$ cat input.tsv   # TSV, C-alpha atoms and all ligand atoms
chain	number	residue	atom	x	y	z
P	15	MET	CA	98.53	77.76	101.84
P	16	MET	CA	96.57	80.95	102.51
P	17	ALA	CA	93.24	79.18	102.21
P	18	SER	CA	93.94	77.34	105.45
P	19	PHE	CA	94.40	80.60	107.36
P	20	VAL	CA	91.56	81.60	109.65
P	21	THR	CA	92.47	84.66	111.70
P	22	ILE	CA	92.77	87.48	109.18
P	23	PRO	CA	90.20	86.11	106.70
P	24	SER	CA	87.56	85.73	109.41
P	25	LEU	CA	88.38	89.17	110.82
P	26	LEU	CA	88.06	90.69	107.36
P	27	VAL	CA	84.51	89.38	107.10
P	28	LEU	CA	83.68	91.17	110.35
P	29	PHE	CA	85.62	94.25	109.34
P	30	ARG	CA	83.65	94.65	106.13
P	31	ILE	CA	80.37	94.34	108.04
P	32	ASP	CA	81.55	96.82	110.68
P	33	ARG	CA	82.57	99.33	108.05
P	34	GLU	CA	79.07	99.23	106.63
P	35	LEU	CA	77.49	99.31	110.09
P	36	HIS	CA	79.50	102.38	110.95
P	37	GLU	CA	78.33	104.22	107.85
P	38	TYR	CA	74.70	103.47	108.63
P	39	GLN	CA	75.19	104.55	112.23
P	40	LEU	CA	76.76	107.85	111.11
P	41	ALA	CA	73.87	108.49	108.73
P	42	LEU	CA	71.37	107.80	111.52
P	43	ASP	CA	73.20	110.17	113.89
P	44	ALA	CA	73.26	112.88	111.22
P	45	LEU	CA	69.50	112.52	110.71
P	46	LEU	CA	68.79	112.97	114.40
P	47	LYS	CA	71.22	115.88	114.63
P	48	ASP	CA	69.29	117.91	112.01
P	49	GLN	CA	66.08	117.33	113.93
P	50	VAL	CA	67.60	118.31	117.25
P	51	ALA	CA	68.90	121.55	115.70
P	52	LEU	CA	65.43	122.39	114.36
P	53	GLU	CA	63.82	121.65	117.71
P	54	ALA	CA	66.26	123.99	119.45
P	55	LYS	CA	65.49	126.74	116.93
P	56	ILE	CA	61.75	126.33	117.47
P	57	GLU	CA	62.21	126.50	121.22
P	58	THR	CA	64.13	129.79	120.88
P	59	ILE	CA	61.46	131.33	118.64
P	60	ALA	CA	58.66	130.19	120.98
P	61	ALA	CA	60.50	131.79	123.91
P	62	ASP	CA	60.82	135.02	121.88
P	63	ILE	CA	57.08	135.03	121.21
P	64	ALA	CA	56.27	134.47	124.87
P	65	GLN	CA	58.50	137.40	125.78
P	66	GLN	CA	57.00	139.64	123.09
P	67	GLU	CA	53.49	138.72	124.18
P	68	ALA	CA	54.23	139.44	127.84
P	69	ALA	CA	55.62	142.87	126.92
P	70	SER	CA	52.59	143.50	124.75
P	71	LEU	CA	50.20	142.63	127.58
P	72	LYS	CA	52.06	144.97	129.91
P	73	LEU	CA	51.78	147.77	127.38
P	74	GLN	CA	48.07	147.10	126.92
P	75	ALA	CA	47.59	147.34	130.69
P	76	ALA	CA	49.51	150.64	130.74
P	77	ILE	CA	47.30	152.00	127.95
P	78	GLY	CA	44.22	150.87	129.87
P	79	ALA	CA	45.40	152.72	132.97
P	80	GLN	CA	46.15	155.84	130.92
P	81	ASP	CA	42.70	155.66	129.35
P	82	LEU	CA	41.06	155.43	132.76
P	83	ASP	CA	43.11	158.34	134.06
P	84	LEU	CA	42.17	160.36	130.99
P	85	LYS	CA	38.45	159.68	131.43
P	86	THR	CA	38.61	160.61	135.11
P	87	ARG	CA	40.30	163.91	134.31
P	88	GLN	CA	37.87	164.68	131.49
P	89	ALA	CA	34.92	164.01	133.80
P	90	HIS	CA	36.51	166.31	136.34
P	91	ILE	CA	36.87	169.06	133.74
P	92	GLU	CA	33.19	168.63	132.82
P	93	LYS	CA	32.20	168.91	136.45
P	94	MET	CA	34.22	172.10	136.90
P	95	ARG	CA	32.67	173.55	133.77
P	96	GLU	CA	29.24	172.94	135.25
P	97	THR	CA	30.20	174.73	138.46
P	98	LEU	CA	31.22	177.79	136.40
P	99	ASN	CA	27.52	178.71	136.02
P	100	SER	CA	26.93	178.72	139.74
P	101	THR	CA	29.95	180.81	140.76
P	102	LYS	CA	29.22	183.90	142.78
P	103	THR	CA	32.38	185.95	142.16
P	104	ASN	CA	34.75	186.74	139.32
P	105	LYS	CA	37.61	185.57	141.47
P	106	GLU	CA	35.99	182.20	141.98
P	107	TYR	CA	35.18	181.99	138.26
P	108	SER	CA	38.72	182.70	137.14
P	109	ALA	CA	40.16	180.30	139.76
P	110	ILE	CA	38.08	177.51	138.24
P	111	LEU	CA	39.17	178.51	134.74
P	112	VAL	CA	42.82	178.26	135.79
P	113	GLN	CA	42.18	174.82	137.20
P	114	ILE	CA	40.37	173.71	134.03
P	115	SER	CA	43.23	174.95	131.90
P	116	ALA	CA	45.78	173.11	134.06
P	117	ASP	CA	43.71	169.93	133.83
P	118	LYS	CA	43.43	170.31	130.05
P	119	ALA	CA	47.21	170.59	129.76
P	120	GLU	CA	47.52	167.42	131.83
P	121	VAL	CA	44.95	165.69	129.62
P	122	SER	CA	46.76	166.57	126.41
P	123	LYS	CA	50.07	165.33	127.90
P	124	LEU	CA	48.33	162.06	128.81
P	125	GLU	CA	46.80	161.77	125.36
P	126	ALA	CA	50.20	162.20	123.73
P	127	ALA	CA	51.73	159.53	125.99
P	128	MET	CA	48.84	157.19	125.34
P	129	LEU	CA	49.08	157.67	121.58
P	130	GLU	CA	52.78	156.89	121.72
P	131	ASN	CA	52.05	153.67	123.60
P	132	MET	CA	49.35	152.71	121.14
P	133	GLU	CA	51.72	153.16	118.22
P	134	LYS	CA	54.32	151.05	120.00
P	135	LEU	CA	51.71	148.37	120.69
P	136	GLU	CA	50.79	148.25	117.03
P	137	LYS	CA	54.45	147.81	116.04
P	138	ASP	CA	54.99	145.15	118.69
P	139	GLN	CA	51.96	143.21	117.54
P	140	ALA	CA	53.14	143.34	113.94
P	141	ALA	CA	56.50	141.98	115.14
P	142	ILE	CA	54.72	139.13	116.92
P	143	VAL	CA	52.91	138.24	113.70
P	144	VAL	CA	56.29	138.03	111.90
P	145	THR	CA	57.80	135.88	114.66
P	146	ARG	CA	54.75	133.61	114.56
P	147	GLN	CA	55.27	133.16	110.84
P	148	GLN	CA	58.87	132.16	111.52
P	149	LEU	CA	57.66	129.66	114.09
P	150	THR	CA	55.17	128.15	111.65
P	151	LEU	CA	57.88	127.91	109.00
P	152	GLN	CA	60.32	126.11	111.31
P	153	GLN	CA	57.58	123.83	112.62
P	154	GLY	CA	56.77	122.93	109.03
P	155	LEU	CA	60.43	122.17	108.36
P	156	LEU	CA	60.58	119.98	111.44
P	157	ALA	CA	57.41	118.11	110.49
P	158	THR	CA	58.83	117.52	107.02
P	159	ALA	CA	62.18	116.45	108.45
P	160	GLN	CA	60.45	114.12	110.89
P	161	GLY	CA	58.31	112.66	108.14
P	162	GLU	CA	61.27	112.15	105.87
P	163	SER	CA	63.61	110.96	108.57
P	164	GLU	CA	61.05	108.53	109.94
P	165	ALA	CA	61.16	106.55	106.72
P	166	ARG	CA	64.92	106.99	106.35
P	167	ALA	CA	65.58	106.17	110.01
P	168	ALA	CA	63.50	103.01	109.74
P	169	GLU	CA	65.46	102.07	106.62
P	170	LEU	CA	68.80	102.71	108.35
P	171	ARG	CA	67.74	100.80	111.47
P	172	GLY	CA	66.69	97.93	109.23
P	173	HIS	CA	70.17	97.83	107.66
P	174	ILE	CA	71.82	98.00	111.08
P	175	GLU	CA	69.66	95.18	112.40
P	176	ARG	CA	70.34	93.00	109.37
P	177	LEU	CA	74.10	93.59	109.59
P	178	ASN	CA	74.19	92.95	113.33
P	179	ALA	CA	72.45	89.61	112.81
P	180	LEU	CA	74.96	88.75	110.09
P	181	ARG	CA	77.79	89.96	112.29
P	182	SER	CA	77.02	87.76	115.29
P	183	GLY	CA	77.23	84.65	113.10
P	184	ASP	CA	80.51	85.77	111.58
P	185	ALA	CA	82.03	86.84	114.90
P	186	ALA	CA	81.63	83.26	116.14
P	187	LYS	CA	84.02	82.13	113.41
P	188	VAL	CA	86.90	84.38	114.59
P	189	PRO	CA	89.44	82.87	117.04
P	190	THR	CA	88.63	84.19	120.53
P	191	GLU	CA	91.87	86.06	121.22
P	192	ALA	CA	91.86	87.72	117.80
P	193	LEU	CA	88.24	88.77	118.31
P	194	LYS	CA	89.11	90.36	121.66
P	195	GLN	CA	91.92	92.38	120.09
P	196	TYR	CA	89.73	93.41	117.20
P	197	ASP	CA	86.81	94.45	119.43
P	198	ARG	CA	89.10	96.65	121.55
P	199	LEU	CA	90.46	98.35	118.44
P	200	ARG	CA	86.96	98.78	117.09
P	201	LEU	CA	86.20	101.14	119.97
P	202	LYS	CA	89.19	103.28	119.06
P	203	TYR	CA	88.61	103.14	115.31
P	204	PRO	CA	84.88	102.59	114.68
P	205	GLY	CA	84.48	100.88	111.32
P	206	ASP	CA	88.20	101.30	110.74
P	207	ALA	CA	90.03	98.82	112.97
P	208	MET	CA	91.92	97.13	110.13
P	209	ALA	CA	94.26	98.56	107.53
P	210	PRO	CA	95.65	97.15	104.29
P	211	VAL	CA	99.38	96.83	103.81
P	212	GLU	CA	99.89	98.98	100.76
P	213	PHE	CA	102.63	98.09	98.34
P	214	ASP	CA	103.41	97.46	94.75
P	215	ASP	CA	105.04	94.10	93.93
P	216	ASP	CA	107.41	96.01	91.59
P	217	ASP	CA	108.45	98.44	94.33
P	218	LEU	CA	108.91	96.65	97.63
P	219	GLU	CA	110.91	99.58	99.01
P	220	ASN	CA	107.68	101.51	99.56
P	221	ILE	CA	105.41	99.56	101.85
P	222	SER	CA	102.98	101.50	104.02
P	223	CYS	CA	99.99	101.19	106.32
P	224	GLY	CA	96.74	102.06	104.55
P	225	GLY	CA	95.34	103.39	107.81
P	226	CYS	CA	97.98	105.89	108.91
P	227	PHE	CA	100.35	105.86	105.87
P	228	MET	CA	103.43	105.19	108.00
P	229	ALA	CA	106.11	102.98	106.51
P	230	LEU	CA	105.96	99.20	106.99
P	231	ASN	CA	108.51	96.67	105.78
P	232	MET	CA	108.80	93.38	103.95
P	233	GLU	CA	108.76	91.54	107.25
P	234	ASP	CA	105.16	92.67	107.76
P	235	VAL	CA	104.20	91.30	104.38
P	236	ASN	CA	106.09	88.06	104.91
P	237	GLN	CA	104.59	87.45	108.31
P	238	LEU	CA	101.08	88.02	107.05
P	239	ARG	CA	101.73	85.63	104.17
P	240	GLY	CA	103.38	83.00	106.34
P	241	ARG	CA	101.54	82.95	109.65
P	242	ASP	CA	97.93	82.66	110.68
P	243	GLU	CA	98.07	85.42	113.26
P	244	ILE	CA	97.46	89.10	113.88
P	245	ARG	CA	100.08	91.66	113.00
P	246	ARG	CA	99.53	95.30	113.89
P	247	CYS	CA	100.85	98.56	112.53
P	248	ASN	CA	103.51	99.92	114.90
P	249	ALA	CA	102.31	103.47	114.42
P	250	CYS	CA	98.51	103.31	114.58
P	251	ASN	CA	98.02	99.83	116.05
P	252	ARG	CA	95.46	98.80	113.43
P	253	ILE	CA	95.28	95.12	112.48
P	254	LEU	CA	97.02	94.73	109.14
P	255	TYR	CA	95.86	92.66	106.21
P	256	LEU	CA	97.10	92.01	102.71
P	257	PRO	CA	94.97	93.27	99.81
P	258	GLU	CA	95.24	89.78	98.30
P	259	THR	CA	93.61	88.28	101.42
P	260	LEU	CA	90.73	90.76	101.15
P	261	ALA	CA	90.24	89.91	97.49
P	262	GLN	CA	90.10	86.17	98.28
P	263	GLU	CA	87.78	86.77	101.18
P	264	LYS	CA	85.38	88.75	99.02
P	265	ILE	CA	85.21	85.91	96.52
P	266	ARG	CA	84.66	83.33	99.27
P	267	THR	CA	81.96	85.41	100.93
P	268	VAL	CA	80.08	85.87	97.69
P	269	GLU	CA	80.27	82.10	96.97
P	270	HIS	CA	79.29	81.25	100.52
P	271	ARG	CA	76.30	83.57	100.71
P	272	ALA	CA	75.09	82.96	97.16
U	1	ZN	ZN	99.08	102.41	110.69

$ encode --input "input.tsv" --output "structure tokens"
Amino acid sequence: MMASFVTIPSLLVLFRIDRELHEYQLALDALLKDQVALEAKIETIAADIAQQEAASLKLQAAIGAQDLDLKTRQAHIEKMRETLNSTKTNKEYSAILVQISADKAEVSKLEAAMLENMEKLEKDQAAIVVTRQQLTLQQGLLATAQGESEARAAELRGHIERLNALRSGDAAKVPTEALKQYDRLRLKYPGDAMAPVEFDDDDLENISCGGCFMALNMEDVNQLRGRDEIRRCNACNRILYLPETLAQEKIRTVEHRA
């Protein structure tokens, strides 16, 4: 009697393909996700480096300006020293000495500030080297991931393509209205639109939906055994099937495709 049924057996063929398709699609998504995460990390590190380098350039410019200032002041001190020899009075002489001493104090302040900046620059540049190493490391990881995922992604896409080709042939064998219902449910439950009616022939008091585990009853089993039509779980709405139908369908599919 069951062999003449079409609806659930033909849907089960699709369901099994869709379950596999869904797994391959998830694996493909996961692959791309890892890569996207690495790319984001690299972008952050590159932005850090750009910021560090800009700060470093600014500091170098500041040091350059300090150096120029220092040289100007030193030249000025030299000049004043030279004028010492040509002074006419003691008063003039000591006035120049006071000025030289003030300039020297300014020079040593500048030298201290410049030294501090140079030490900071050295530290900053060491930090840039470390960040660059991090960048190289992450870029290497990404290249490896891309290399690996390229092969794996091609493999997964190959499976998906093969299953989709298989699927379109099998979808044509499902009664139109049943296919419509199934396709709508497939959007809600990708790869999981059908659920087995779970029960033990020795314990028909405990019948449940294999999708949501809510209780079903003997009427569900009887209808699936007696009528060639769709029956859905009241709780989750999945299309129900009997494990025995799946078992028969598997055997038929293997015979058919062999
Ligand atoms: Zn259910």

$ atom_distance --input "input.tsv" --atom1 "atom CA of P:Ala44" --atom2 "atom CA of P:Leu156"
14.5 Å

$ residues_around --input "input.tsv" --residues "P:Lys55" --least-positions-apart "2" --cutoff "12 Å" --atoms "only C-alpha atoms" --output "mmCIF file with C-alpha atoms, in the frame of the given file"
data_model
loop_
_atom_site.group_PDB
_atom_site.id
_atom_site.type_symbol
_atom_site.label_atom_id
_atom_site.label_comp_id
_atom_site.auth_asym_id
_atom_site.auth_seq_id
_atom_site.Cartn_x
_atom_site.Cartn_y
_atom_site.Cartn_z
ATOM 1 C CA ASP P 48 69.290 117.910 112.010
ATOM 2 C CA GLN P 49 66.080 117.330 113.930
ATOM 3 C CA VAL P 50 67.600 118.310 117.250
ATOM 4 C CA ALA P 51 68.900 121.550 115.700
ATOM 5 C CA LEU P 52 65.430 122.390 114.360
ATOM 6 C CA GLU P 53 63.820 121.650 117.710
ATOM 7 C CA GLU P 57 62.210 126.500 121.220
ATOM 8 C CA THR P 58 64.130 129.790 120.880
ATOM 9 C CA ILE P 59 61.460 131.330 118.640
ATOM 10 C CA ALA P 60 58.660 130.190 120.980
ATOM 11 C CA ALA P 61 60.500 131.790 123.910
ATOM 12 C CA ASP P 62 60.820 135.020 121.880
ATOM 13 C CA GLN P 148 58.870 132.160 111.520
ATOM 14 C CA LEU P 149 57.660 129.660 114.090
ATOM 15 C CA THR P 150 55.170 128.150 111.650
ATOM 16 C CA LEU P 151 57.880 127.910 109.000
ATOM 17 C CA GLN P 152 60.320 126.110 111.310
ATOM 18 C CA GLN P 153 57.580 123.830 112.620
ATOM 19 C CA LEU P 155 60.430 122.170 108.360
ATOM 20 C CA LEU P 156 60.580 119.980 111.440
#

$ residues_around --input "input.tsv" --residues "stretch 231-235 of chain P" --least-positions-apart "2" --cutoff "10 Å" --atoms "only C-alpha atoms" --output "PyMOL selection string"
chain P and resi 211-213+218-223+229+237-240+245-247+254-256

$ residues_around --input "input.tsv" --residues "P:Gln80" --least-positions-apart "6" --cutoff "9 Å" --atoms "only C-alpha atoms" --output "PyMOL selection string"
chain P and resi 124-125+127-128

$ residues_near_ligand --input "input.tsv" --ligand "ligand ZN 1 (chain U)" --cutoff "6 Å" --atoms "all atoms listed in the file" --output "JSON, numbers by chain"
{"P": [223, 225, 226, 228, 247, 249, 250, 252]}

$ atom_distance --input "input.tsv" --atom1 "atom CA of P:Pro210" --atom2 "atom CA of P:Gly224"
5.0 Å

$ build_atoms --input "input.tsv" --residues "stretch 183-199 of chain P" --atoms "N, CA and C atoms" --output "PDB file, keeping the file's coordinate frame"
ATOM      1  N   GLY P 183      76.848  85.946 113.654  1.00  0.00           N
ATOM      2  CA  GLY P 183      77.230  84.650 113.100  1.00  0.00           C
ATOM      3  C   GLY P 183      78.690  84.627 112.688  1.00  0.00           C
ATOM      4  N   ASP P 184      79.132  85.713 112.071  1.00  0.00           N
ATOM      5  CA  ASP P 184      80.510  85.770 111.580  1.00  0.00           C
ATOM      6  C   ASP P 184      81.515  85.963 112.705  1.00  0.00           C
ATOM      7  N   ALA P 185      81.126  86.631 113.772  1.00  0.00           N
ATOM      8  CA  ALA P 185      82.030  86.840 114.900  1.00  0.00           C
ATOM      9  C   ALA P 185      82.366  85.506 115.556  1.00  0.00           C
ATOM     10  N   ALA P 186      81.416  84.571 115.531  1.00  0.00           N
ATOM     11  CA  ALA P 186      81.630  83.260 116.140  1.00  0.00           C
ATOM     12  C   ALA P 186      82.725  82.463 115.416  1.00  0.00           C
ATOM     13  N   LYS P 187      83.015  82.867 114.185  1.00  0.00           N
ATOM     14  CA  LYS P 187      84.020  82.130 113.410  1.00  0.00           C
ATOM     15  C   LYS P 187      85.436  82.663 113.613  1.00  0.00           C
ATOM     16  N   VAL P 188      85.571  83.778 114.357  1.00  0.00           N
ATOM     17  CA  VAL P 188      86.900  84.380 114.590  1.00  0.00           C
ATOM     18  C   VAL P 188      87.495  83.771 115.856  1.00  0.00           C
ATOM     19  N   PRO P 189      88.789  83.381 115.823  1.00  0.00           N
ATOM     20  CA  PRO P 189      89.440  82.870 117.040  1.00  0.00           C
ATOM     21  C   PRO P 189      89.281  83.864 118.199  1.00  0.00           C
ATOM     22  N   THR P 190      88.988  83.366 119.370  1.00  0.00           N
ATOM     23  CA  THR P 190      88.630  84.190 120.530  1.00  0.00           C
ATOM     24  C   THR P 190      89.590  85.337 120.806  1.00  0.00           C
ATOM     25  N   GLU P 191      90.885  85.025 120.862  1.00  0.00           N
ATOM     26  CA  GLU P 191      91.870  86.060 121.220  1.00  0.00           C
ATOM     27  C   GLU P 191      91.920  87.158 120.150  1.00  0.00           C
ATOM     28  N   ALA P 192      91.842  86.753 118.908  1.00  0.00           N
ATOM     29  CA  ALA P 192      91.860  87.720 117.800  1.00  0.00           C
ATOM     30  C   ALA P 192      90.619  88.615 117.867  1.00  0.00           C
ATOM     31  N   LEU P 193      89.494  88.014 118.213  1.00  0.00           N
ATOM     32  CA  LEU P 193      88.240  88.770 118.310  1.00  0.00           C
ATOM     33  C   LEU P 193      88.331  89.816 119.421  1.00  0.00           C
ATOM     34  N   LYS P 194      88.940  89.415 120.539  1.00  0.00           N
ATOM     35  CA  LYS P 194      89.110  90.360 121.660  1.00  0.00           C
ATOM     36  C   LYS P 194      89.928  91.567 121.217  1.00  0.00           C
ATOM     37  N   GLN P 195      91.052  91.277 120.554  1.00  0.00           N
ATOM     38  CA  GLN P 195      91.920  92.380 120.090  1.00  0.00           C
ATOM     39  C   GLN P 195      91.172  93.285 119.127  1.00  0.00           C
ATOM     40  N   TYR P 196      90.464  92.644 118.208  1.00  0.00           N
ATOM     41  CA  TYR P 196      89.730  93.410 117.200  1.00  0.00           C
ATOM     42  C   TYR P 196      88.656  94.284 117.851  1.00  0.00           C
ATOM     43  N   ASP P 197      87.902  93.703 118.788  1.00  0.00           N
ATOM     44  CA  ASP P 197      86.810  94.450 119.430  1.00  0.00           C
ATOM     45  C   ASP P 197      87.335  95.655 120.221  1.00  0.00           C
ATOM     46  N   ARG P 198      88.513  95.509 120.830  1.00  0.00           N
ATOM     47  CA  ARG P 198      89.100  96.650 121.550  1.00  0.00           C
ATOM     48  C   ARG P 198      89.458  97.765 120.570  1.00  0.00           C
ATOM     49  N   LEU P 199      90.052  97.356 119.453  1.00  0.00           N
ATOM     50  CA  LEU P 199      90.460  98.350 118.440  1.00  0.00           C
ATOM     51  C   LEU P 199      89.254  99.034 117.796  1.00  0.00           C
TER      52      LEU P 199
END
